[in-house]
>>> print(open('query.cif').read())   # mmCIF, C-alpha atoms and all ligand atoms
data_run
#
loop_
_atom_site.group_PDB
_atom_site.id
_atom_site.type_symbol
_atom_site.label_atom_id
_atom_site.label_comp_id
_atom_site.auth_asym_id
_atom_site.auth_seq_id
_atom_site.Cartn_x
_atom_site.Cartn_y
_atom_site.Cartn_z
ATOM 1 C CA MET A 1 -2.041 19.911 10.839
ATOM 2 C CA ALA A 2 -1.654 17.834 7.682
ATOM 3 C CA ARG A 3 -2.702 14.220 7.638
ATOM 4 C CA ARG A 4 0.070 11.591 7.692
ATOM 5 C CA LYS A 5 0.859 9.944 4.351
ATOM 6 C CA ILE A 6 1.439 6.217 4.691
ATOM 7 C CA PHE A 7 2.587 3.667 2.106
ATOM 8 C CA ALA A 8 2.194 0.143 3.426
ATOM 9 C CA GLY A 9 3.043 -3.255 1.995
ATOM 10 C CA ASN A 10 1.174 -6.345 3.166
ATOM 11 C CA TRP A 11 3.276 -9.344 2.190
ATOM 12 C CA LYS A 12 0.551 -11.830 3.198
ATOM 13 C CA MET A 13 1.879 -15.440 3.235
ATOM 14 C CA TYR A 14 4.757 -14.785 0.846
ATOM 15 C CA LYS A 15 8.554 -14.594 1.246
ATOM 16 C CA LYS A 16 10.889 -17.013 2.939
ATOM 17 C CA ARG A 17 13.319 -15.485 5.425
ATOM 18 C CA GLN A 18 16.174 -14.578 3.083
ATOM 19 C CA GLU A 19 13.735 -13.250 0.478
ATOM 20 C CA ALA A 20 12.143 -11.059 3.143
ATOM 21 C CA LEU A 21 15.486 -9.661 4.247
ATOM 22 C CA ASP A 22 16.568 -8.983 0.659
ATOM 23 C CA LEU A 23 13.310 -7.167 -0.048
ATOM 24 C CA VAL A 24 13.699 -4.975 3.034
ATOM 25 C CA LYS A 25 17.296 -4.104 2.218
ATOM 26 C CA GLY A 26 16.281 -3.098 -1.310
ATOM 27 C CA LEU A 27 13.461 -0.937 0.005
ATOM 28 C CA LEU A 28 15.634 0.747 2.637
ATOM 29 C CA ALA A 29 18.128 1.708 -0.058
ATOM 30 C CA GLY A 30 15.362 3.350 -2.078
ATOM 31 C CA ILE A 31 13.507 5.391 0.534
ATOM 32 C CA ALA A 32 16.263 7.498 2.061
ATOM 33 C CA ASP A 33 15.027 10.688 0.390
ATOM 34 C CA ILE A 34 11.245 10.403 0.429
ATOM 35 C CA GLY A 35 10.659 13.180 2.934
ATOM 36 C CA GLU A 36 7.612 13.064 5.156
ATOM 37 C CA ARG A 37 6.107 9.881 3.788
ATOM 38 C CA GLU A 38 5.868 6.905 6.135
ATOM 39 C CA VAL A 39 6.621 3.440 4.800
ATOM 40 C CA VAL A 40 5.387 0.345 6.618
ATOM 41 C CA VAL A 41 5.866 -3.325 5.825
ATOM 42 C CA PHE A 42 3.834 -6.221 7.174
ATOM 43 C CA PRO A 43 6.048 -9.324 6.744
ATOM 44 C CA PRO A 44 5.005 -12.831 7.796
ATOM 45 C CA SER A 45 5.156 -13.042 11.630
ATOM 46 C CA PRO A 46 8.218 -15.357 11.870
ATOM 47 C CA TRP A 47 10.384 -12.699 10.186
ATOM 48 C CA ALA A 48 8.924 -9.628 11.859
ATOM 49 C CA LYS A 49 11.767 -9.268 14.349
ATOM 50 C CA ASP A 50 14.503 -9.746 11.733
ATOM 51 C CA VAL A 51 12.825 -7.175 9.500
ATOM 52 C CA ALA A 52 12.334 -4.760 12.417
ATOM 53 C CA ASP A 53 16.013 -5.089 13.358
ATOM 54 C CA LEU A 54 16.999 -4.074 9.820
ATOM 55 C CA CYS A 55 14.569 -1.146 9.849
ATOM 56 C CA ARG A 56 15.612 0.333 13.198
ATOM 57 C CA GLY A 57 16.548 4.004 12.819
ATOM 58 C CA SER A 58 15.145 4.149 9.272
ATOM 59 C CA GLN A 59 11.991 5.663 7.844
ATOM 60 C CA MET A 60 10.400 2.244 7.511
ATOM 61 C CA ALA A 61 8.243 0.805 10.273
ATOM 62 C CA VAL A 62 7.095 -2.772 10.683
ATOM 63 C CA GLY A 63 3.800 -4.391 11.616
ATOM 64 C CA MET A 64 2.313 -7.852 11.893
ATOM 65 C CA GLN A 65 -0.635 -9.045 9.851
ATOM 66 C CA ASN A 66 -2.718 -10.435 12.708
ATOM 67 C CA MET A 67 -2.667 -11.139 16.437
ATOM 68 C CA HIS A 68 -4.900 -12.494 19.188
ATOM 69 C CA PHE A 69 -6.844 -10.156 21.462
ATOM 70 C CA GLU A 70 -5.690 -11.806 24.700
ATOM 71 C CA GLN A 71 -2.330 -10.896 26.226
ATOM 72 C CA GLU A 72 -1.342 -14.556 26.504
ATOM 73 C CA GLY A 73 -2.904 -17.943 27.078
ATOM 74 C CA ALA A 74 -3.611 -21.412 25.762
ATOM 75 C CA PHE A 75 -4.317 -20.362 22.165
ATOM 76 C CA THR A 76 -2.287 -22.731 19.993
ATOM 77 C CA GLY A 77 -0.972 -21.145 16.841
ATOM 78 C CA GLU A 78 -1.772 -17.557 17.819
ATOM 79 C CA VAL A 79 0.512 -14.551 18.333
ATOM 80 C CA SER A 80 -0.025 -12.275 21.335
ATOM 81 C CA PRO A 81 0.216 -8.478 21.372
ATOM 82 C CA LEU A 82 3.136 -8.787 23.812
ATOM 83 C CA MET A 83 5.013 -10.728 21.125
ATOM 84 C CA VAL A 84 4.119 -8.213 18.425
ATOM 85 C CA LYS A 85 5.559 -5.451 20.590
ATOM 86 C CA ASP A 86 8.584 -7.511 21.604
ATOM 87 C CA ALA A 87 9.413 -8.167 17.941
ATOM 88 C CA GLY A 88 9.764 -4.410 17.412
ATOM 89 C CA CYS A 89 6.506 -3.849 15.557
ATOM 90 C CA ARG A 90 4.788 -0.478 15.633
ATOM 91 C CA TYR A 91 1.655 -1.479 13.700
ATOM 92 C CA ILE A 92 -0.854 -4.305 13.515
ATOM 93 C CA LEU A 93 -3.236 -5.033 10.648
ATOM 94 C CA ILE A 94 -6.669 -5.743 12.042
ATOM 95 C CA GLY A 95 -9.682 -7.145 10.215
ATOM 96 C CA HIS A 96 -8.062 -7.614 6.807
ATOM 97 C CA SER A 97 -10.706 -8.996 4.437
ATOM 98 C CA GLU A 98 -8.857 -12.317 4.285
ATOM 99 C CA ARG A 99 -9.114 -12.543 8.080
ATOM 100 C CA ARG A 100 -12.801 -11.634 7.973
ATOM 101 C CA HIS A 101 -13.858 -13.758 5.012
ATOM 102 C CA VAL A 102 -11.430 -16.708 5.042
ATOM 103 C CA PHE A 103 -10.959 -17.045 8.808
ATOM 104 C CA GLY A 104 -14.378 -15.829 9.951
ATOM 105 C CA GLU A 105 -13.264 -12.821 12.005
ATOM 106 C CA THR A 106 -16.218 -10.764 13.218
ATOM 107 C CA ASP A 107 -16.598 -7.054 13.928
ATOM 108 C CA ASP A 108 -16.506 -7.995 17.601
ATOM 109 C CA ASP A 109 -13.132 -9.763 17.183
ATOM 110 C CA VAL A 110 -11.856 -6.727 15.297
ATOM 111 C CA ASN A 111 -12.918 -4.419 18.118
ATOM 112 C CA LYS A 112 -11.304 -6.599 20.798
ATOM 113 C CA LYS A 113 -8.046 -6.620 18.821
ATOM 114 C CA VAL A 114 -8.171 -2.844 18.380
ATOM 115 C CA MET A 115 -8.585 -2.311 22.127
ATOM 116 C CA THR A 116 -5.802 -4.801 22.954
ATOM 117 C CA ALA A 117 -3.458 -3.190 20.437
ATOM 118 C CA LEU A 118 -4.002 0.273 21.914
ATOM 119 C CA LYS A 119 -3.464 -1.057 25.430
ATOM 120 C CA ASN A 120 -0.111 -2.465 24.282
ATOM 121 C CA ASP A 121 1.012 0.652 22.425
ATOM 122 C CA ILE A 122 0.627 -0.939 19.009
ATOM 123 C CA GLU A 123 -1.047 1.165 16.319
ATOM 124 C CA PRO A 124 -3.982 -0.574 14.617
ATOM 125 C CA VAL A 125 -4.527 -0.367 10.871
ATOM 126 C CA ILE A 126 -8.221 -1.279 10.765
ATOM 127 C CA CYS A 127 -9.297 -2.723 7.419
ATOM 128 C CA VAL A 128 -12.846 -2.258 6.170
ATOM 129 C CA GLY A 129 -14.476 -2.920 2.824
ATOM 130 C CA GLU A 130 -17.562 -4.258 1.102
ATOM 131 C CA LEU A 131 -18.004 -7.445 -0.925
ATOM 132 C CA LEU A 132 -18.948 -7.179 -4.608
ATOM 133 C CA LYS A 133 -22.478 -8.388 -3.898
ATOM 134 C CA GLU A 134 -22.860 -5.754 -1.176
ATOM 135 C CA ARG A 135 -21.741 -2.991 -3.561
ATOM 136 C CA GLU A 136 -24.121 -4.275 -6.246
ATOM 137 C CA LYS A 137 -27.007 -4.165 -3.779
ATOM 138 C CA GLY A 138 -26.171 -0.582 -2.812
ATOM 139 C CA LEU A 139 -25.052 -1.622 0.669
ATOM 140 C CA THR A 140 -21.506 -0.191 0.566
ATOM 141 C CA GLU A 141 -22.113 2.684 2.988
ATOM 142 C CA GLU A 142 -24.088 0.509 5.380
ATOM 143 C CA VAL A 143 -21.285 -2.079 5.500
ATOM 144 C CA LEU A 144 -18.540 0.538 5.917
ATOM 145 C CA LYS A 145 -20.471 2.317 8.635
ATOM 146 C CA ARG A 146 -21.053 -0.903 10.560
ATOM 147 C CA GLN A 147 -17.412 -1.975 10.307
ATOM 148 C CA VAL A 148 -16.084 1.451 11.341
ATOM 149 C CA VAL A 149 -18.545 2.014 14.194
ATOM 150 C CA LYS A 150 -18.133 -1.487 15.639
ATOM 151 C CA GLY A 151 -14.371 -1.538 15.074
ATOM 152 C CA LEU A 152 -13.914 1.726 16.976
ATOM 153 C CA ALA A 153 -16.325 1.029 19.839
ATOM 154 C CA GLY A 154 -14.667 2.168 23.077
ATOM 155 C CA VAL A 155 -11.789 4.019 21.362
ATOM 156 C CA SER A 156 -11.377 7.538 22.786
ATOM 157 C CA ALA A 157 -10.790 10.685 20.724
ATOM 158 C CA GLU A 158 -7.273 10.802 22.174
ATOM 159 C CA GLN A 159 -6.608 7.206 21.085
ATOM 160 C CA MET A 160 -7.819 8.027 17.554
ATOM 161 C CA LYS A 161 -4.446 9.716 17.020
ATOM 162 C CA ASN A 162 -2.966 6.206 16.891
ATOM 163 C CA ILE A 163 -5.517 4.700 14.512
ATOM 164 C CA VAL A 164 -5.198 4.213 10.765
ATOM 165 C CA ILE A 165 -8.127 3.019 8.638
ATOM 166 C CA ALA A 166 -7.658 1.120 5.370
ATOM 167 C CA TYR A 167 -10.486 0.953 2.846
ATOM 168 C CA GLU A 168 -10.061 -2.272 0.901
ATOM 169 C CA PRO A 169 -13.078 -3.143 -1.245
ATOM 170 C CA VAL A 170 -13.030 -6.937 -1.286
ATOM 171 C CA TRP A 171 -13.791 -7.048 -5.026
ATOM 172 C CA ALA A 172 -10.567 -5.142 -5.743
ATOM 173 C CA ILE A 173 -8.186 -7.299 -3.692
ATOM 174 C CA GLY A 174 -5.914 -9.490 -5.783
ATOM 175 C CA THR A 175 -8.302 -9.215 -8.741
ATOM 176 C CA GLY A 176 -6.576 -6.528 -10.792
ATOM 177 C CA LYS A 177 -9.856 -4.563 -10.593
ATOM 178 C CA VAL A 178 -8.750 -1.381 -8.866
ATOM 179 C CA ALA A 179 -11.435 0.993 -7.606
ATOM 180 C CA THR A 180 -11.426 4.173 -9.679
ATOM 181 C CA PRO A 181 -9.951 7.149 -7.831
ATOM 182 C CA ASP A 182 -13.454 8.657 -7.629
ATOM 183 C CA ILE A 183 -15.050 5.520 -6.185
ATOM 184 C CA ALA A 184 -12.265 5.165 -3.630
ATOM 185 C CA ASP A 185 -12.316 8.857 -2.709
ATOM 186 C CA GLU A 186 -16.067 8.760 -2.177
ATOM 187 C CA ALA A 187 -15.732 5.775 0.161
ATOM 188 C CA HIS A 188 -12.909 7.495 2.062
ATOM 189 C CA ARG A 189 -14.966 10.669 2.383
ATOM 190 C CA PHE A 190 -17.835 8.587 3.762
ATOM 191 C CA ILE A 191 -15.545 6.814 6.264
ATOM 192 C CA ARG A 192 -14.320 10.208 7.448
ATOM 193 C CA LYS A 193 -17.926 11.338 7.869
ATOM 194 C CA VAL A 194 -18.648 8.293 10.025
ATOM 195 C CA VAL A 195 -15.591 9.091 12.179
ATOM 196 C CA GLU A 196 -16.809 12.689 12.483
ATOM 197 C CA GLY A 197 -20.189 11.412 13.682
ATOM 198 C CA LEU A 198 -18.473 9.308 16.349
ATOM 199 C CA TYR A 199 -15.986 11.977 17.453
ATOM 200 C CA ASP A 200 -15.630 15.435 15.895
ATOM 201 C CA ALA A 201 -14.478 17.153 12.705
ATOM 202 C CA LYS A 202 -10.877 17.530 13.870
ATOM 203 C CA THR A 203 -10.489 13.845 14.707
ATOM 204 C CA ALA A 204 -12.028 12.887 11.367
ATOM 205 C CA ASP A 205 -9.793 15.290 9.525
ATOM 206 C CA LEU A 206 -6.645 13.789 11.053
ATOM 207 C CA VAL A 207 -7.290 10.050 10.708
ATOM 208 C CA PRO A 208 -5.274 8.618 7.798
ATOM 209 C CA VAL A 209 -7.449 6.551 5.432
ATOM 210 C CA LEU A 210 -5.463 4.272 3.100
ATOM 211 C CA TYR A 211 -6.757 2.597 -0.045
ATOM 212 C CA GLY A 212 -6.018 -1.065 -0.800
ATOM 213 C CA GLY A 213 -6.953 -3.331 -3.684
ATOM 214 C CA SER A 214 -4.878 -3.914 -6.841
ATOM 215 C CA VAL A 215 -2.692 -0.823 -6.315
ATOM 216 C CA LYS A 216 0.097 -0.843 -8.900
ATOM 217 C CA PRO A 217 2.757 1.608 -10.127
ATOM 218 C CA ASP A 218 0.495 2.510 -13.062
ATOM 219 C CA ASN A 219 -2.596 3.439 -11.021
ATOM 220 C CA ILE A 220 -1.083 4.967 -7.870
ATOM 221 C CA ALA A 221 -0.867 8.538 -9.187
ATOM 222 C CA GLY A 222 -4.600 8.893 -9.793
ATOM 223 C CA LEU A 223 -5.460 7.437 -6.401
ATOM 224 C CA PHE A 224 -2.901 9.402 -4.378
ATOM 225 C CA ALA A 225 -3.972 12.674 -6.004
ATOM 226 C CA LYS A 226 -7.373 12.410 -4.326
ATOM 227 C CA GLU A 227 -8.130 14.586 -1.333
ATOM 228 C CA HIS A 228 -9.218 11.803 1.011
ATOM 229 C CA ILE A 229 -6.708 9.110 -0.007
ATOM 230 C CA ASP A 230 -3.797 9.407 2.430
ATOM 231 C CA GLY A 231 -1.759 6.494 1.182
ATOM 232 C CA VAL A 232 -2.140 2.879 0.218
ATOM 233 C CA LEU A 233 -2.029 -0.684 1.533
ATOM 234 C CA VAL A 234 -0.450 -2.758 -1.213
ATOM 235 C CA GLY A 235 -0.462 -6.541 -1.596
ATOM 236 C CA GLY A 236 1.018 -8.081 -4.745
ATOM 237 C CA ALA A 237 2.917 -5.012 -5.919
ATOM 238 C CA SER A 238 4.681 -4.694 -2.547
ATOM 239 C CA LEU A 239 6.523 -7.991 -3.058
ATOM 240 C CA LYS A 240 9.086 -6.547 -5.475
ATOM 241 C CA VAL A 241 11.529 -3.754 -4.645
ATOM 242 C CA ASP A 242 11.006 -1.836 -7.882
ATOM 243 C CA SER A 243 7.233 -1.892 -7.997
ATOM 244 C CA PHE A 244 6.805 -0.954 -4.324
ATOM 245 C CA LEU A 245 9.387 1.848 -4.636
ATOM 246 C CA ASP A 246 7.575 3.182 -7.717
ATOM 247 C CA ILE A 247 4.413 3.348 -5.608
ATOM 248 C CA VAL A 248 6.097 4.915 -2.565
ATOM 249 C CA ARG A 249 7.837 7.524 -4.714
ATOM 250 C CA VAL A 250 4.735 8.587 -6.646
ATOM 251 C CA LYS A 251 4.784 12.288 -7.489
HETATM 252 P P1 LIG A 301 -3.499 -6.573 -3.762
HETATM 253 O O1 LIG A 301 -2.724 -5.287 -3.830
HETATM 254 O O2 LIG A 301 -2.689 -7.781 -4.143
HETATM 255 O O3 LIG A 301 -4.815 -6.468 -4.485
HETATM 256 O O4 LIG A 301 -3.858 -6.814 -2.205
HETATM 257 C C1 LIG A 301 -4.431 -5.776 -1.478
HETATM 258 C C2 LIG A 301 -4.438 -6.136 -0.038
HETATM 259 O O5 LIG A 301 -5.140 -7.027 0.387
HETATM 260 C C3 LIG A 301 -3.537 -5.389 0.846
HETATM 261 O O6 LIG A 301 -3.800 -5.664 2.191
#
>>> encode(input="query.cif", output="structure tokens")
Amino acid sequence: MARRKIFAGNWKMYKKRQEALDLVKGLLAGIADIGEREVVVFPPSPWAKDVADLCRGSQMAVGMQNMHFEQEGAFTGEVSPLMVKDAGCRYILIGHSERRHVFGETDDDVNKKVMTALKNDIEPVICVGELLKEREKGLTEEVLKRQVVKGLAGVSAEQMKNIVIAYEPVWAIGTGKVATPDIADEAHRFIRKVVEGLYDAKTADLVPVLYGGSVKPDNIAGLFAKEHIDGVLVGGASLKVDSFLDIVRVK
């Protein structure tokens, strides 16, 4: 079985409501003929339901960028997995580097969110990636292994069918410094090896691993050509119809 190919746009804290709807409409018009590729957008939470309503029946799925690990409760300002599901979202981003490094999310938080998402039938996109200083100290594999192993603790081989991993080296996010296709492919290969160690070769072979960090129309082809790069998680370049469509439609 071939691995799924996924092109995802993380809009972060950009786009007012009408801008979000216009962007989605433009994207929907441009993806009708892309074949097997999956397209996913992660709009700001307040617009997730509106975006999901527009995407119903199309090839584009919707996710939220973050949620709490409890089903509900006195957690002011948080979004529960029940609400993510109710809004029509299929995916949830978990452990994005901005959540880890700006908001202090730990591997333990990431794992709790992964387990809650699975329980609620929401597919986690688990983000992992090393800081520049970790790469410079030769710690990349150690960091990736820790984040993958802890993030997946308690996830069964069966549940792995609903997991996506995104490798986003922190030094490449929003910096314009994209990882070379070789560097990214090597990290993806390593992540797959870690998954194989936890489960088996078949599970590792099937898990989609996306690359994120300064992906643009002019560097997508080299990245997507690599054996272990199954798609991308795009920030800045996903905010415009033309640039995201150029990425999604890469040859
Ligand atoms: P940029 O594509 O803007 O570097 O952002 C990447 C990212 O964080 C996607 O989640």
>>> residues_near_point(input="query.cif", point="(7.0, -5.2, -4.8)", cutoff="10 Å", atoms="only C-alpha atoms", output="list in words")
Gly9, Asn10, Trp11, Leu23, Leu27, Lys216, Pro217, Val234, Gly235, Gly236, Ala237, Ser238, Leu239, Lys240, Val241, Asp242, Ser243, Phe244, Leu245, Asp246 and Ile247 of chain A
>>> closest_residue(input="query.cif", among="A:Ser97, A:Ser80, A:Gln71, A:Thr140", to="ligand LIG 301 (chain A)", atoms="only C-alpha atoms and all ligand atoms")
A:Ser97
>>> closest_residue(input="query.cif", among="A:Val24, A:Leu93, A:Val155, A:Met115", to="A:Cys127", atoms="all atoms listed in the file")
A:Leu93
>>> atom_distance(input="query.cif", atom1="atom C1 of ligand LIG 301 (chain A)", atom2="atom CA of A:Ala87")
24.0 Å
>>> atom_distance(input="query.cif", atom1="atom CA of A:Ala187", atom2="atom CA of A:Lys226")
11.6 Å
>>> residues_around(input="query.cif", residues="stretch 1-7 of chain A", least_positions_apart="3", cutoff="6 Å", atoms="only C-alpha atoms", output="PyMOL selection string")
chain A and resi 37-39+206+230-232+248
>>> residues_around(input="query.cif", residues="A:Leu152", least_positions_apart="2", cutoff="9 Å", atoms="only C-alpha atoms", output="count of residues only")
15
